[in-house]
Amino acid sequence: MDAIDRKILAHLQADGRLTLTQLSERVRLSLSRCQRRVRELERAGVIRGYHAQVDPAAVGFGFEVLVFASLSHPDVPEFDAAVGDAPQIIEAQRLFGDPDYLLRVVAADLAAYQRFYEETLIRLPGVSRISSTIVMKQVVPTRPLPEAP
């Protein structure tokens with residue numbers, strides 16, 4: 001990965017809808033060379049996909065909760081699978097130490113989250129403890145990765 005690849009990534013992270021023509025102009029490459037580099041970044045898994053950032057509140061998910069889950073056993077593969085099957089869990093991270101997982105959950109409101117908590121979260125395989133923290137506001141929105149050192 002060189003400086004041109006990093007420029008390509010920076011521009012695509014800022015605007016994933018850029019056409020290859022626009023991108024090639026911004027990174028000062030021919031269209032064909034730019035296309036080859038983008039395809040190689042995709043093939044190598046550096047670029048994992050393209051998506052739109054949607055405002056959760058605008059589509060009925062204005063309530064966000066960070067959930068900390070501790071498991072009764074350190075390796076419960078069924079937990080990972082069950083978390084993957086719950087669409088309200090929009091992000092899940094395995095952590096070192098205690099708690100074992102951080103889950104980012106969205107819901108319409110407190111009542112909807114309570115139902116999800118009672119019907120899904122506390123029934124996840126291997127869960128020994130759940131702790132929830134309601135997000136007051138998002139201070140730093142999801143943003144592009146910084147430039148590599």
# chains A, B, ... in the order shown; residues from 1 in each chain; ligands from 1

call {"tool": "closest_atom_pairs", "arguments": {"of": "range 49-81 of chain A", "to": "range 137-146 of chain A", "cutoff": "10 Å", "atoms": "only C-alpha atoms", "output": "CSV"}}
result
residue,atom,partner,partner_atom,distance
A:Gln53,CA,A:Thr142,CA,8.8
A:Phe63,CA,A:Lys137,CA,9.9
A:Glu64,CA,A:Lys137,CA,9.0

call {"tool": "residues_around", "arguments": {"residues": "Asp5 in chain A", "least_positions_apart": "3", "cutoff": "12 Å", "atoms": "only C-alpha atoms", "output": "number ranges by chain"}}
result
A: 1-2, 8-12, 23-24, 27-29, 33-42, 46-47, 147-148

call {"tool": "atom_distance", "arguments": {"atom1": "CA of Gly60 in chain A", "atom2": "CA of Val83 in chain A"}}
result
21.0 Å

call {"tool": "residues_around", "arguments": {"residues": "Val76 in chain A", "least_positions_apart": "4", "cutoff": "12 Å", "atoms": "only C-alpha atoms", "output": "PyMOL selection string"}}
result
chain A and resi 70-72+80-83+94+100-101+124-128

call {"tool": "residues_around", "arguments": {"residues": "Ala112 in chain A", "least_positions_apart": "2", "cutoff": "12 Å", "atoms": "only C-alpha atoms", "output": "NGL selection string"}}
result
:A and (60-65 or 88 or 105-110 or 114-120)

call {"tool": "atom_distance", "arguments": {"atom1": "CA of Leu95 in chain A", "atom2": "CA of Pro56 in chain A"}}
result
25.2 Å

call {"tool": "residues_around", "arguments": {"residues": "Tyr50 in chain A", "least_positions_apart": "5", "cutoff": "9 Å", "atoms": "only C-alpha atoms", "output": "PyMOL selection string"}}
result
chain A and resi 12-13+16-17

call {"tool": "write_last_selection", "arguments": {"atoms": "N, CA and C atoms", "output": "PDB file, in the first residue's frame"}}
result
ATOM      1  N   LEU A  12     -12.600   7.661  -0.951  1.00  0.00           N
ATOM      2  CA  LEU A  12     -13.767   6.762  -0.932  1.00  0.00           C
ATOM      3  C   LEU A  12     -14.436   6.736   0.435  1.00  0.00           C
ATOM      4  N   GLN A  13     -13.656   6.877   1.502  1.00  0.00           N
ATOM      5  CA  GLN A  13     -14.269   6.940   2.826  1.00  0.00           C
ATOM      6  C   GLN A  13     -15.081   8.219   2.987  1.00  0.00           C
ATOM      7  N   GLY A  16     -18.249   7.550  -0.785  1.00  0.00           N
ATOM      8  CA  GLY A  16     -18.265   6.248  -1.452  1.00  0.00           C
ATOM      9  C   GLY A  16     -19.019   6.244  -2.767  1.00  0.00           C
ATOM     10  N   ARG A  17     -19.684   7.339  -3.087  1.00  0.00           N
ATOM     11  CA  ARG A  17     -20.439   7.424  -4.338  1.00  0.00           C
ATOM     12  C   ARG A  17     -19.641   8.062  -5.468  1.00  0.00           C
TER      13      ARG A  17
END
